[in-house]
$ cat query-v6.csv   # CSV, C-alpha atoms and all ligand atoms
chain,number,residue,atom,x,y,z
A,24,MET,CA,24.2,12.0,-5.8
A,25,ARG,CA,22.1,10.4,-3.1
A,26,THR,CA,23.4,9.3,0.2
A,27,GLU,CA,23.2,5.6,1.2
A,28,THR,CA,20.3,6.4,3.7
A,29,GLU,CA,18.3,8.1,1.0
A,30,GLN,CA,18.9,5.2,-1.3
A,31,THR,CA,17.7,2.9,1.4
A,32,LEU,CA,14.4,4.7,1.6
A,33,LEU,CA,14.1,5.5,-2.0
A,34,LEU,CA,12.1,2.5,-3.3
A,35,ASP,CA,10.1,1.8,-0.2
A,36,HIS,CA,6.9,3.0,-1.8
A,37,VAL,CA,7.1,1.0,-5.0
A,38,ASP,CA,3.8,-0.5,-5.7
A,39,MET,CA,3.5,-1.8,-9.3
A,40,ARG,CA,-0.1,-2.9,-8.9
A,41,ILE,CA,-1.4,0.5,-9.7
A,42,VAL,CA,0.5,0.7,-13.0
A,43,THR,CA,-2.1,-0.1,-15.6
A,44,GLY,CA,0.1,-1.3,-18.4
A,45,GLU,CA,1.5,-4.8,-18.7
A,46,THR,CA,4.8,-5.1,-17.0
A,47,GLU,CA,7.3,-7.9,-17.1
A,48,HIS,CA,6.7,-8.3,-13.3
A,49,SER,CA,2.9,-8.5,-13.5
A,50,VAL,CA,1.3,-11.9,-13.7
A,51,PRO,CA,-2.0,-12.9,-15.2
A,52,ASP,CA,-4.0,-13.9,-12.1
A,53,ARG,CA,-3.9,-13.8,-8.3
A,54,ASN,CA,-2.4,-17.3,-8.0
A,55,SER,CA,0.8,-16.7,-10.0
A,56,ILE,CA,4.2,-16.4,-8.3
A,57,VAL,CA,6.6,-13.6,-9.2
A,58,GLN,CA,10.2,-14.6,-9.5
A,59,LEU,CA,12.7,-12.5,-7.5
A,60,ASP,CA,14.8,-10.1,-9.6
A,61,PRO,CA,18.6,-10.7,-9.5
A,62,ASP,CA,19.0,-7.3,-7.7
A,63,HIS,CA,16.3,-8.1,-5.1
A,64,PRO,CA,17.9,-7.9,-1.6
A,65,GLY,CA,16.9,-11.6,-0.9
A,66,PHE,CA,17.9,-13.0,-4.3
A,67,ARG,CA,21.0,-14.8,-2.9
A,68,ASP,CA,19.4,-15.9,0.3
A,69,GLY,CA,18.2,-19.5,-0.3
A,70,GLU,CA,16.4,-19.7,3.1
A,71,TYR,CA,14.5,-16.5,2.4
A,72,ARG,CA,13.5,-17.7,-1.0
A,73,ALA,CA,12.3,-21.0,0.3
A,74,ARG,CA,10.2,-19.3,2.9
A,75,ARG,CA,8.8,-16.9,0.3
A,76,ASN,CA,7.8,-20.0,-1.7
A,77,ARG,CA,6.1,-21.6,1.3
A,78,ILE,CA,4.2,-18.3,2.0
A,79,ALA,CA,3.3,-18.2,-1.7
A,80,GLU,CA,1.9,-21.7,-1.4
A,81,ILE,CA,-0.5,-20.4,1.2
A,82,ALA,CA,-1.9,-17.9,-1.3
A,83,LEU,CA,-2.0,-20.5,-4.1
A,84,GLU,CA,-4.0,-22.9,-1.9
A,85,TYR,CA,-6.2,-20.2,-0.4
A,86,GLN,CA,-9.9,-20.3,-1.2
A,87,PRO,CA,-12.0,-17.1,-0.5
A,88,GLY,CA,-13.8,-17.5,2.7
A,89,ASP,CA,-11.2,-19.7,4.3
A,90,SER,CA,-9.3,-18.6,7.4
A,91,ILE,CA,-5.9,-17.4,6.2
A,92,PRO,CA,-3.1,-19.8,7.3
A,93,ASP,CA,-0.3,-18.3,9.4
A,94,ALA,CA,2.9,-17.4,7.6
A,95,PRO,CA,6.1,-18.9,9.1
A,96,TYR,CA,8.0,-15.7,10.0
A,97,THR,CA,11.5,-16.0,11.6
A,98,THR,CA,12.9,-14.2,14.6
A,99,GLU,CA,14.9,-12.0,12.2
A,100,GLU,CA,11.7,-11.1,10.3
A,101,HIS,CA,9.9,-10.1,13.5
A,102,GLU,CA,12.9,-7.9,14.2
A,103,VAL,CA,12.4,-6.2,10.8
A,104,TRP,CA,8.9,-5.4,11.8
A,105,ARG,CA,10.1,-3.9,15.1
A,106,THR,CA,12.7,-1.8,13.2
A,107,ILE,CA,10.1,-0.5,10.8
A,108,TRP,CA,7.9,0.6,13.8
A,109,LYS,CA,10.8,2.2,15.5
A,110,ALA,CA,11.2,4.5,12.5
A,111,LEU,CA,7.4,5.0,12.1
A,112,ASP,CA,6.1,5.6,15.6
A,113,GLU,CA,7.4,9.2,15.9
A,114,ALA,CA,6.9,9.9,12.2
A,115,HIS,CA,3.2,9.0,12.5
A,116,GLU,CA,2.7,11.3,15.5
A,117,GLU,CA,4.2,14.1,13.5
A,118,HIS,CA,3.0,13.5,9.9
A,119,ALA,CA,-0.1,11.2,9.9
A,120,CYS,CA,-3.6,12.6,9.6
A,121,ALA,CA,-6.0,12.2,12.6
A,122,GLU,CA,-8.2,9.6,10.8
A,123,TYR,CA,-5.1,7.3,10.4
A,124,LEU,CA,-4.0,7.7,14.0
A,125,GLU,CA,-7.6,6.9,15.1
A,126,CYS,CA,-7.7,3.7,13.0
A,127,LEU,CA,-4.3,2.7,14.3
A,128,LYS,CA,-5.6,3.0,17.9
A,129,ARG,CA,-8.7,1.0,17.1
A,130,LEU,CA,-6.8,-1.8,15.3
A,131,ASN,CA,-4.3,-2.0,18.2
A,132,LEU,CA,-1.7,-3.9,16.0
A,133,PRO,CA,1.2,-5.6,17.7
A,134,LYS,CA,4.5,-3.8,17.1
A,135,ASP,CA,6.8,-6.5,18.6
A,136,ARG,CA,5.9,-9.2,16.0
A,137,ILE,CA,4.4,-9.3,12.5
A,138,PRO,CA,0.7,-9.9,13.0
A,139,GLN,CA,-0.8,-12.6,10.8
A,140,LEU,CA,-3.1,-11.5,8.0
A,141,ARG,CA,-5.9,-13.6,9.6
A,142,GLU,CA,-6.0,-11.5,12.7
A,143,VAL,CA,-5.5,-8.1,10.9
A,144,SER,CA,-8.3,-9.0,8.5
A,145,ALA,CA,-10.7,-9.9,11.3
A,146,ARG,CA,-10.1,-6.6,13.0
A,147,VAL,CA,-10.4,-4.5,9.8
A,148,GLU,CA,-13.6,-6.3,8.8
A,149,ALA,CA,-15.2,-5.6,12.2
A,150,LEU,CA,-14.6,-1.9,11.6
A,151,SER,CA,-15.3,-1.3,7.9
A,152,GLY,CA,-16.4,-4.5,6.3
A,153,PHE,CA,-13.1,-4.8,4.3
A,154,ARG,CA,-11.1,-8.0,4.5
A,155,LEU,CA,-7.7,-9.2,3.4
A,156,GLU,CA,-7.0,-12.2,1.2
A,157,PRO,CA,-3.5,-13.5,0.5
A,158,VAL,CA,-1.7,-13.3,-2.9
A,159,ALA,CA,1.7,-14.7,-3.7
A,160,GLY,CA,3.0,-11.5,-5.2
A,161,LEU,CA,2.2,-8.7,-7.7
A,162,VAL,CA,-1.1,-9.4,-9.5
A,163,GLU,CA,-2.5,-7.7,-12.6
A,164,PRO,CA,-3.6,-4.2,-11.7
A,165,ARG,CA,-7.1,-4.9,-12.9
A,166,VAL,CA,-7.4,-8.0,-10.6
A,167,PHE,CA,-6.1,-6.0,-7.6
A,168,LEU,CA,-8.3,-3.0,-8.2
A,169,GLU,CA,-11.5,-4.9,-9.1
A,170,SER,CA,-11.3,-6.9,-5.8
A,171,LEU,CA,-11.8,-3.6,-3.9
A,172,ALA,CA,-15.4,-3.5,-5.2
A,173,ASN,CA,-16.1,-6.6,-3.2
A,174,ASN,CA,-14.5,-5.3,0.0
A,175,VAL,CA,-11.4,-7.4,-0.6
A,176,PHE,CA,-7.9,-6.2,-0.4
A,177,LEU,CA,-5.4,-8.7,-2.0
A,178,SER,CA,-2.4,-8.7,0.3
A,179,THR,CA,1.1,-10.1,0.1
A,180,GLN,CA,2.1,-12.0,3.2
A,181,TYR,CA,5.9,-12.1,3.0
A,182,ILE,CA,8.1,-9.5,4.5
A,183,ARG,CA,11.0,-7.7,2.9
A,184,HIS,CA,14.5,-9.1,3.3
A,185,HIS,CA,16.1,-8.6,6.8
A,186,SER,CA,19.2,-7.0,5.3
A,187,THR,CA,17.1,-3.9,4.2
A,188,PRO,CA,14.5,-3.3,6.9
A,189,LEU,CA,13.6,0.2,5.6
A,190,TYR,CA,13.6,-0.7,1.9
A,191,THR,CA,11.5,-3.0,-0.3
A,192,PRO,CA,11.4,-3.1,-4.1
A,193,GLU,CA,7.9,-4.5,-4.0
A,194,PRO,CA,4.8,-4.3,-1.8
A,195,ASP,CA,5.3,-6.5,1.3
A,196,VAL,CA,3.2,-7.3,4.4
A,197,ALA,CA,4.5,-4.2,6.1
A,198,HIS,CA,3.3,-1.9,3.4
A,199,GLU,CA,0.0,-3.8,3.1
A,200,ILE,CA,-0.8,-3.8,6.8
A,201,ILE,CA,0.7,-0.5,8.0
A,202,GLY,CA,-0.4,1.4,4.9
A,203,HIS,CA,-3.5,-0.3,3.4
A,204,ALA,CA,-5.1,-2.4,6.2
A,205,VAL,CA,-5.0,0.5,8.7
A,206,THR,CA,-6.5,3.0,6.2
A,207,LEU,CA,-9.1,0.4,5.2
A,208,ALA,CA,-10.2,0.3,8.8
A,209,SER,CA,-11.6,3.8,8.2
A,210,PRO,CA,-15.2,3.4,6.8
A,211,ARG,CA,-14.7,6.6,4.7
A,212,LEU,CA,-11.4,5.5,3.2
A,213,ALA,CA,-12.8,2.0,2.7
A,214,GLU,CA,-15.8,3.5,0.8
A,215,LEU,CA,-13.4,5.4,-1.6
A,216,ASN,CA,-11.4,2.1,-2.2
A,217,ARG,CA,-14.7,0.3,-2.9
A,218,LEU,CA,-15.8,3.0,-5.4
A,219,VAL,CA,-12.5,2.7,-7.3
A,220,GLY,CA,-13.1,-1.0,-7.6
A,221,GLN,CA,-16.6,-0.5,-8.9
A,222,ILE,CA,-15.4,1.8,-11.6
A,223,VAL,CA,-12.6,-0.6,-12.7
A,224,LYS,CA,-15.2,-3.3,-13.0
A,225,ARG,CA,-17.1,-1.3,-15.6
A,226,THR,CA,-14.1,0.3,-17.3
A,227,THR,CA,-12.8,-1.4,-20.5
A,228,GLU,CA,-10.7,1.3,-22.0
A,229,ALA,CA,-7.0,1.2,-21.2
A,230,GLU,CA,-6.7,5.0,-21.2
A,231,ALA,CA,-9.5,5.4,-18.7
A,232,LEU,CA,-8.0,2.7,-16.5
A,233,GLU,CA,-4.7,4.6,-16.6
A,234,ARG,CA,-6.3,7.8,-15.6
A,235,LEU,CA,-8.0,6.1,-12.7
A,236,ALA,CA,-4.8,4.5,-11.6
A,237,ARG,CA,-3.2,7.9,-11.4
A,238,VAL,CA,-6.1,9.2,-9.3
A,239,TYR,CA,-5.6,6.2,-7.0
A,240,TRP,CA,-1.8,6.9,-6.8
A,241,PHE,CA,-2.2,10.6,-5.9
A,242,THR,CA,-4.9,9.9,-3.3
A,243,ILE,CA,-5.1,6.4,-1.8
A,244,GLU,CA,-1.3,5.8,-2.2
A,245,PHE,CA,0.2,9.3,-1.9
A,246,GLY,CA,-2.5,11.5,-0.6
A,247,VAL,CA,-1.8,14.4,1.8
A,248,LEU,CA,-4.1,17.0,3.3
A,249,ARG,CA,-4.1,20.0,5.6
A,250,GLU,CA,-5.0,19.6,9.2
A,251,ASP,CA,-4.7,22.5,11.7
A,252,GLY,CA,-2.5,24.3,9.2
A,253,LYS,CA,-0.1,21.4,8.8
A,254,VAL,CA,0.4,18.9,5.9
A,255,LYS,CA,-0.5,15.4,7.0
A,256,ALA,CA,-0.5,12.1,5.2
A,257,TYR,CA,-3.5,9.8,4.5
A,258,GLY,CA,-1.7,7.9,1.6
A,259,THR,CA,-0.6,4.3,2.2
A,260,GLY,CA,2.8,4.7,0.5
A,261,LEU,CA,3.6,7.6,2.7
A,262,LEU,CA,2.3,6.1,6.0
A,263,SER,CA,4.3,2.9,5.6
A,264,SER,CA,7.6,4.7,5.2
A,265,ALA,CA,9.3,7.1,7.6
A,266,GLY,CA,11.4,8.3,4.7
A,267,GLU,CA,8.4,9.1,2.6
A,268,LEU,CA,6.7,10.9,5.5
A,269,GLU,CA,9.8,13.2,5.7
A,270,ALA,CA,10.1,13.7,2.0
A,271,MET,CA,6.5,14.7,1.4
A,272,HIS,CA,7.2,18.1,3.0
A,273,ARG,CA,9.6,18.8,0.1
A,274,ALA,CA,7.0,18.1,-2.5
A,275,ASN,CA,5.4,20.8,-4.6
A,276,LEU,CA,1.8,20.9,-3.2
A,277,ARG,CA,-1.1,21.5,-5.6
A,278,PRO,CA,-4.8,21.9,-4.8
A,279,LEU,CA,-6.8,18.7,-5.1
A,280,ASP,CA,-7.8,18.8,-8.8
A,281,LEU,CA,-8.5,15.2,-9.6
A,282,GLU,CA,-8.8,15.9,-13.3
A,283,ALA,CA,-5.3,17.2,-13.2
A,284,ALA,CA,-4.2,14.3,-11.1
A,285,SER,CA,-5.6,11.8,-13.6
A,286,HIS,CA,-3.2,13.2,-16.2
A,287,GLN,CA,-0.2,13.7,-13.9
A,288,ASP,CA,2.6,11.1,-14.6
A,289,PHE,CA,4.6,9.8,-11.7
A,290,ASP,CA,7.7,7.8,-11.1
A,291,PRO,CA,7.1,5.1,-8.5
A,292,THR,CA,10.9,4.6,-7.9
A,293,ASP,CA,11.5,8.1,-6.5
A,294,PHE,CA,10.1,10.4,-3.8
A,295,GLN,CA,7.1,12.2,-5.3
A,296,PRO,CA,7.9,15.8,-6.4
A,297,ILE,CA,4.2,16.7,-6.8
A,298,LEU,CA,1.4,16.0,-4.4
A,299,PHE,CA,-2.2,17.1,-4.3
A,300,CYS,CA,-3.3,18.6,-1.0
A,301,PRO,CA,-7.0,19.4,-0.1
A,302,ASP,CA,-7.8,21.6,2.9
A,303,SER,CA,-9.1,18.9,5.2
A,304,PHE,CA,-10.0,15.2,5.4
A,305,ASP,CA,-13.6,16.0,4.8
A,306,ALA,CA,-12.8,18.0,1.7
A,307,MET,CA,-10.6,15.1,0.4
A,308,HIS,CA,-13.4,12.6,1.1
A,309,GLN,CA,-16.1,14.7,-0.6
A,310,THR,CA,-14.1,15.7,-3.6
A,311,LEU,CA,-12.8,12.2,-4.3
A,312,LYS,CA,-16.2,10.6,-3.7
A,313,ASP,CA,-18.0,13.1,-6.0
A,314,TYR,CA,-15.3,12.5,-8.7
A,315,LEU,CA,-15.6,8.7,-8.5
A,316,LEU,CA,-19.4,8.8,-8.5
A,317,CYS,CA,-19.5,11.0,-11.6
A,318,TRP,CA,-16.9,8.8,-13.4
A,319,LYS,CA,-17.9,8.1,-17.0
A,401,FE,FE,0.1,0.1,-2.0
$ encode --input "query-v6.csv" --output "structure tokens"
Amino acid sequence: MRTETEQTLLLDHVDMRIVTGETEHSVPDRNSIVQLDPDHPGFRDGEYRARRNRIAEIALEYQPGDSIPDAPYTTEEHEVWRTIWKALDEAHEEHACAEYLECLKRLNLPKDRIPQLREVSARVEALSGFRLEPVAGLVEPRVFLESLANNVFLSTQYIRHHSTPLYTPEPDVAHEIIGHAVTLASPRLAELNRLVGQIVKRTTEAEALERLARVYWFTIEFGVLREDGKVKAYGTGLLSSAGELEAMHRANLRPLDLEAASHQDFDPTDFQPILFCPDSFDAMHQTLKDYLLCWK
């Protein structure tokens, strides 16, 4: 049986957007709002739900090219951000790959308050050309992935409920910024994201899309690599959770065989028992780039 701490960290990486099938939580376009589940930590908090709706309205009214309006975060929510960083600062030093740490330095994100998407987007765009656009919640995997082809990352703007600072059952602004936005500031990781988007745009078969989603999961979301003999993370789901960064060392590491990864099932609600680990960042970049360029 799991301890309470493990439970707290267990679902922090859940990101349904990469699941290719229809789910009851997915919605048909980027402007639809997802209802909170009865077991969501914020379900019984009327104030939180009202704020989530206000933040969702920002996404509903957003037109690409507009400046992203600021989200009305509370003092408690800024505290959640600080708590997340308290857990992550040391974990990053120990477990993050050099490319990520370099991007973090270049972005110079505030750790004492939740940065607004507007400011993060401007900093990322200056470094790699990628920008963030707000969405109200989970969007169709195809909509999410296709936007990557246009250098756009569709990002949620709300933050997880303050009662569970190290757990979120859905992607939130902490996962989007600390995981995705930071890695998208790397021109080489941005390029890989863009290539995935380009393939999705020309892929019609569900089976092919499913295989690509698995490749995305085992690289962009849960990628690890070797650096100076140590296993380091470059995947967003790992880098946005101190619990995941610890747990990755217990995974069964396999060589980076992307054909194998494309057929490897995964459970997004648990720590990953299998990870694919190339010998360096360069090897990861080249292998994944070649694989995506040859995608049929
Ligand atoms: Fe993600």
$ closest_residue --input "query-v6.csv" --among "A:Leu281, A:Leu218, A:Val103, A:Ile91" --to "Asp135 (chain A)" --atoms "all atoms listed in the file"
A:Val103
$ closest_residue --input "query-v6.csv" --among "A:Pro210, A:Leu150, A:Arg249, A:Phe176" --to "Arg129 (chain A)" --atoms "all atoms listed in the file"
A:Leu150
$ closest_atom_pairs --input "query-v6.csv" --of "chain A" --to "ligand FE 401 (chain A)" --cutoff "12 Å" --atoms "only C-alpha atoms and all ligand atoms" --output "JSON lines"
{"residue": "A:Asp35", "atom": "CA", "partner": "A:FE401", "partner_atom": "FE", "distance": 10.3}
{"residue": "A:His36", "atom": "CA", "partner": "A:FE401", "partner_atom": "FE", "distance": 7.4}
{"residue": "A:Val37", "atom": "CA", "partner": "A:FE401", "partner_atom": "FE", "distance": 7.7}
{"residue": "A:Asp38", "atom": "CA", "partner": "A:FE401", "partner_atom": "FE", "distance": 5.3}
{"residue": "A:Met39", "atom": "CA", "partner": "A:FE401", "partner_atom": "FE", "distance": 8.3}
{"residue": "A:Arg40", "atom": "CA", "partner": "A:FE401", "partner_atom": "FE", "distance": 7.5}
{"residue": "A:Ile41", "atom": "CA", "partner": "A:FE401", "partner_atom": "FE", "distance": 7.9}
{"residue": "A:Val42", "atom": "CA", "partner": "A:FE401", "partner_atom": "FE", "distance": 11.0}
{"residue": "A:Leu161", "atom": "CA", "partner": "A:FE401", "partner_atom": "FE", "distance": 10.7}
{"residue": "A:Pro164", "atom": "CA", "partner": "A:FE401", "partner_atom": "FE", "distance": 11.2}
{"residue": "A:Phe167", "atom": "CA", "partner": "A:FE401", "partner_atom": "FE", "distance": 10.3}
{"residue": "A:Leu168", "atom": "CA", "partner": "A:FE401", "partner_atom": "FE", "distance": 10.9}
{"residue": "A:Phe176", "atom": "CA", "partner": "A:FE401", "partner_atom": "FE", "distance": 10.3}
{"residue": "A:Leu177", "atom": "CA", "partner": "A:FE401", "partner_atom": "FE", "distance": 10.4}
{"residue": "A:Ser178", "atom": "CA", "partner": "A:FE401", "partner_atom": "FE", "distance": 9.4}
{"residue": "A:Thr179", "atom": "CA", "partner": "A:FE401", "partner_atom": "FE", "distance": 10.5}
{"residue": "A:Thr191", "atom": "CA", "partner": "A:FE401", "partner_atom": "FE", "distance": 11.9}
{"residue": "A:Pro192", "atom": "CA", "partner": "A:FE401", "partner_atom": "FE", "distance": 11.9}
{"residue": "A:Glu193", "atom": "CA", "partner": "A:FE401", "partner_atom": "FE", "distance": 9.3}
{"residue": "A:Pro194", "atom": "CA", "partner": "A:FE401", "partner_atom": "FE", "distance": 6.4}
{"residue": "A:Asp195", "atom": "CA", "partner": "A:FE401", "partner_atom": "FE", "distance": 9.0}
{"residue": "A:Val196", "atom": "CA", "partner": "A:FE401", "partner_atom": "FE", "distance": 10.3}
{"residue": "A:Ala197", "atom": "CA", "partner": "A:FE401", "partner_atom": "FE", "distance": 10.2}
{"residue": "A:His198", "atom": "CA", "partner": "A:FE401", "partner_atom": "FE", "distance": 6.6}
{"residue": "A:Glu199", "atom": "CA", "partner": "A:FE401", "partner_atom": "FE", "distance": 6.4}
{"residue": "A:Ile200", "atom": "CA", "partner": "A:FE401", "partner_atom": "FE", "distance": 9.7}
{"residue": "A:Ile201", "atom": "CA", "partner": "A:FE401", "partner_atom": "FE", "distance": 10.0}
{"residue": "A:Gly202", "atom": "CA", "partner": "A:FE401", "partner_atom": "FE", "distance": 7.0}
{"residue": "A:His203", "atom": "CA", "partner": "A:FE401", "partner_atom": "FE", "distance": 6.5}
{"residue": "A:Ala204", "atom": "CA", "partner": "A:FE401", "partner_atom": "FE", "distance": 10.0}
{"residue": "A:Val205", "atom": "CA", "partner": "A:FE401", "partner_atom": "FE", "distance": 11.9}
{"residue": "A:Thr206", "atom": "CA", "partner": "A:FE401", "partner_atom": "FE", "distance": 10.9}
{"residue": "A:Leu207", "atom": "CA", "partner": "A:FE401", "partner_atom": "FE", "distance": 11.7}
{"residue": "A:Asn216", "atom": "CA", "partner": "A:FE401", "partner_atom": "FE", "distance": 11.7}
{"residue": "A:Ala236", "atom": "CA", "partner": "A:FE401", "partner_atom": "FE", "distance": 11.6}
{"residue": "A:Tyr239", "atom": "CA", "partner": "A:FE401", "partner_atom": "FE", "distance": 9.7}
{"residue": "A:Trp240", "atom": "CA", "partner": "A:FE401", "partner_atom": "FE", "distance": 8.5}
{"residue": "A:Phe241", "atom": "CA", "partner": "A:FE401", "partner_atom": "FE", "distance": 11.4}
{"residue": "A:Thr242", "atom": "CA", "partner": "A:FE401", "partner_atom": "FE", "distance": 11.1}
{"residue": "A:Ile243", "atom": "CA", "partner": "A:FE401", "partner_atom": "FE", "distance": 8.2}
{"residue": "A:Glu244", "atom": "CA", "partner": "A:FE401", "partner_atom": "FE", "distance": 5.9}
{"residue": "A:Phe245", "atom": "CA", "partner": "A:FE401", "partner_atom": "FE", "distance": 9.2}
{"residue": "A:Gly246", "atom": "CA", "partner": "A:FE401", "partner_atom": "FE", "distance": 11.8}
{"residue": "A:Gly258", "atom": "CA", "partner": "A:FE401", "partner_atom": "FE", "distance": 8.8}
{"residue": "A:Thr259", "atom": "CA", "partner": "A:FE401", "partner_atom": "FE", "distance": 6.0}
{"residue": "A:Gly260", "atom": "CA", "partner": "A:FE401", "partner_atom": "FE", "distance": 5.9}
{"residue": "A:Leu261", "atom": "CA", "partner": "A:FE401", "partner_atom": "FE", "distance": 9.5}
{"residue": "A:Leu262", "atom": "CA", "partner": "A:FE401", "partner_atom": "FE", "distance": 10.2}
{"residue": "A:Ser263", "atom": "CA", "partner": "A:FE401", "partner_atom": "FE", "distance": 9.1}
{"residue": "A:Ser264", "atom": "CA", "partner": "A:FE401", "partner_atom": "FE", "distance": 11.4}
{"residue": "A:Pro291", "atom": "CA", "partner": "A:FE401", "partner_atom": "FE", "distance": 10.8}
$ write_last_selection --input "query-v6.csv" --atoms "C-alpha atoms" --output "short mmCIF file (atom, residue, chain, number, x, y, z; two decimals), keeping the file's coordinate frame"
data_model
loop_
_atom_site.label_atom_id
_atom_site.label_comp_id
_atom_site.auth_asym_id
_atom_site.auth_seq_id
_atom_site.Cartn_x
_atom_site.Cartn_y
_atom_site.Cartn_z
CA ASP A 35 10.10 1.80 -0.20
CA HIS A 36 6.90 3.00 -1.80
CA VAL A 37 7.10 1.00 -5.00
CA ASP A 38 3.80 -0.50 -5.70
CA MET A 39 3.50 -1.80 -9.30
CA ARG A 40 -0.10 -2.90 -8.90
CA ILE A 41 -1.40 0.50 -9.70
CA VAL A 42 0.50 0.70 -13.00
CA LEU A 161 2.20 -8.70 -7.70
CA PRO A 164 -3.60 -4.20 -11.70
CA PHE A 167 -6.10 -6.00 -7.60
CA LEU A 168 -8.30 -3.00 -8.20
CA PHE A 176 -7.90 -6.20 -0.40
CA LEU A 177 -5.40 -8.70 -2.00
CA SER A 178 -2.40 -8.70 0.30
CA THR A 179 1.10 -10.10 0.10
CA THR A 191 11.50 -3.00 -0.30
CA PRO A 192 11.40 -3.10 -4.10
CA GLU A 193 7.90 -4.50 -4.00
CA PRO A 194 4.80 -4.30 -1.80
CA ASP A 195 5.30 -6.50 1.30
CA VAL A 196 3.20 -7.30 4.40
CA ALA A 197 4.50 -4.20 6.10
CA HIS A 198 3.30 -1.90 3.40
CA GLU A 199 0.00 -3.80 3.10
CA ILE A 200 -0.80 -3.80 6.80
CA ILE A 201 0.70 -0.50 8.00
CA GLY A 202 -0.40 1.40 4.90
CA HIS A 203 -3.50 -0.30 3.40
CA ALA A 204 -5.10 -2.40 6.20
CA VAL A 205 -5.00 0.50 8.70
CA THR A 206 -6.50 3.00 6.20
CA LEU A 207 -9.10 0.40 5.20
CA ASN A 216 -11.40 2.10 -2.20
CA ALA A 236 -4.80 4.50 -11.60
CA TYR A 239 -5.60 6.20 -7.00
CA TRP A 240 -1.80 6.90 -6.80
CA PHE A 241 -2.20 10.60 -5.90
CA THR A 242 -4.90 9.90 -3.30
CA ILE A 243 -5.10 6.40 -1.80
CA GLU A 244 -1.30 5.80 -2.20
CA PHE A 245 0.20 9.30 -1.90
CA GLY A 246 -2.50 11.50 -0.60
CA GLY A 258 -1.70 7.90 1.60
CA THR A 259 -0.60 4.30 2.20
CA GLY A 260 2.80 4.70 0.50
CA LEU A 261 3.60 7.60 2.70
CA LEU A 262 2.30 6.10 6.00
CA SER A 263 4.30 2.90 5.60
CA SER A 264 7.60 4.70 5.20
CA PRO A 291 7.10 5.10 -8.50
#
$ atom_distance --input "query-v6.csv" --atom1 "CA of Arg211 (chain A)" --atom2 "CA of Ala114 (chain A)"
23.1 Å
$ residues_near_point --input "query-v6.csv" --point "(-17.9, -0.1, -13.2)" --cutoff "12 Å" --atoms "all atoms listed in the file" --output "MDAnalysis selection string"
chainID A and resid 165 168:169 171:172 217:228 231:232 235 315:319
$ closest_residue --input "query-v6.csv" --among "A:Leu311, A:Ala229, A:Leu215, A:Ile182" --to "Arg136 (chain A)" --atoms "only C-alpha atoms"
A:Ile182
$ residues_around --input "query-v6.csv" --residues "region 93-99 of chain A" --least-positions-apart "2" --cutoff "12 Å" --atoms "only C-alpha atoms" --output "tab-separated table (two decimals) with C-alpha atoms, in the coordinates of the input"
chain	number	residue	atom	x	y	z
A	70	GLU	CA	16.40	-19.70	3.10
A	71	TYR	CA	14.50	-16.50	2.40
A	73	ALA	CA	12.30	-21.00	0.30
A	74	ARG	CA	10.20	-19.30	2.90
A	75	ARG	CA	8.80	-16.90	0.30
A	76	ASN	CA	7.80	-20.00	-1.70
A	77	ARG	CA	6.10	-21.60	1.30
A	78	ILE	CA	4.20	-18.30	2.00
A	79	ALA	CA	3.30	-18.20	-1.70
A	80	GLU	CA	1.90	-21.70	-1.40
A	81	ILE	CA	-0.50	-20.40	1.20
A	82	ALA	CA	-1.90	-17.90	-1.30
A	85	TYR	CA	-6.20	-20.20	-0.40
A	90	SER	CA	-9.30	-18.60	7.40
A	91	ILE	CA	-5.90	-17.40	6.20
A	101	HIS	CA	9.90	-10.10	13.50
A	102	GLU	CA	12.90	-7.90	14.20
A	103	VAL	CA	12.40	-6.20	10.80
A	104	TRP	CA	8.90	-5.40	11.80
A	105	ARG	CA	10.10	-3.90	15.10
A	106	THR	CA	12.70	-1.80	13.20
A	135	ASP	CA	6.80	-6.50	18.60
A	136	ARG	CA	5.90	-9.20	16.00
A	137	ILE	CA	4.40	-9.30	12.50
A	138	PRO	CA	0.70	-9.90	13.00
A	139	GLN	CA	-0.80	-12.60	10.80
A	140	LEU	CA	-3.10	-11.50	8.00
A	141	ARG	CA	-5.90	-13.60	9.60
A	142	GLU	CA	-6.00	-11.50	12.70
A	143	VAL	CA	-5.50	-8.10	10.90
A	157	PRO	CA	-3.50	-13.50	0.50
A	159	ALA	CA	1.70	-14.70	-3.70
A	179	THR	CA	1.10	-10.10	0.10
A	180	GLN	CA	2.10	-12.00	3.20
A	181	TYR	CA	5.90	-12.10	3.00
A	182	ILE	CA	8.10	-9.50	4.50
A	183	ARG	CA	11.00	-7.70	2.90
A	184	HIS	CA	14.50	-9.10	3.30
A	185	HIS	CA	16.10	-8.60	6.80
A	186	SER	CA	19.20	-7.00	5.30
A	187	THR	CA	17.10	-3.90	4.20
A	188	PRO	CA	14.50	-3.30	6.90
A	196	VAL	CA	3.20	-7.30	4.40
$ atom_distance --input "query-v6.csv" --atom1 "CA of Phe304 (chain A)" --atom2 "CA of Leu127 (chain A)"
16.4 Å
$ closest_residue --input "query-v6.csv" --among "A:Cys120, A:Met307, A:Leu130, A:Val166" --to "Glu250 (chain A)" --atoms "all atoms listed in the file"
A:Cys120
$ atom_distance --input "query-v6.csv" --atom1 "CA of Asp89 (chain A)" --atom2 "CA of Val175 (chain A)"
13.2 Å
$ residues_around --input "query-v6.csv" --residues "Thr310 (chain A)" --least-positions-apart "3" --cutoff "9 Å" --atoms "all atoms listed in the file" --output "VMD selection string"
chain A and resid 279 to 281 301 305 to 307 313 to 315
$ residues_near_point --input "query-v6.csv" --point "(-1.7, 19.7, -2.3)" --cutoff "6 Å" --atoms "all atoms listed in the file" --output "list in words"
Leu276, Arg277, Pro278, Leu279, Leu298, Phe299, Cys300 and Pro301 of chain A
$ residues_around --input "query-v6.csv" --residues "Arg273 (chain A)" --least-positions-apart "4" --cutoff "12 Å" --atoms "only C-alpha atoms" --output "list in words"
Val254, Gly266, Glu267, Leu268, Glu269, Phe294, Gln295, Pro296, Ile297 and Leu298 of chain A
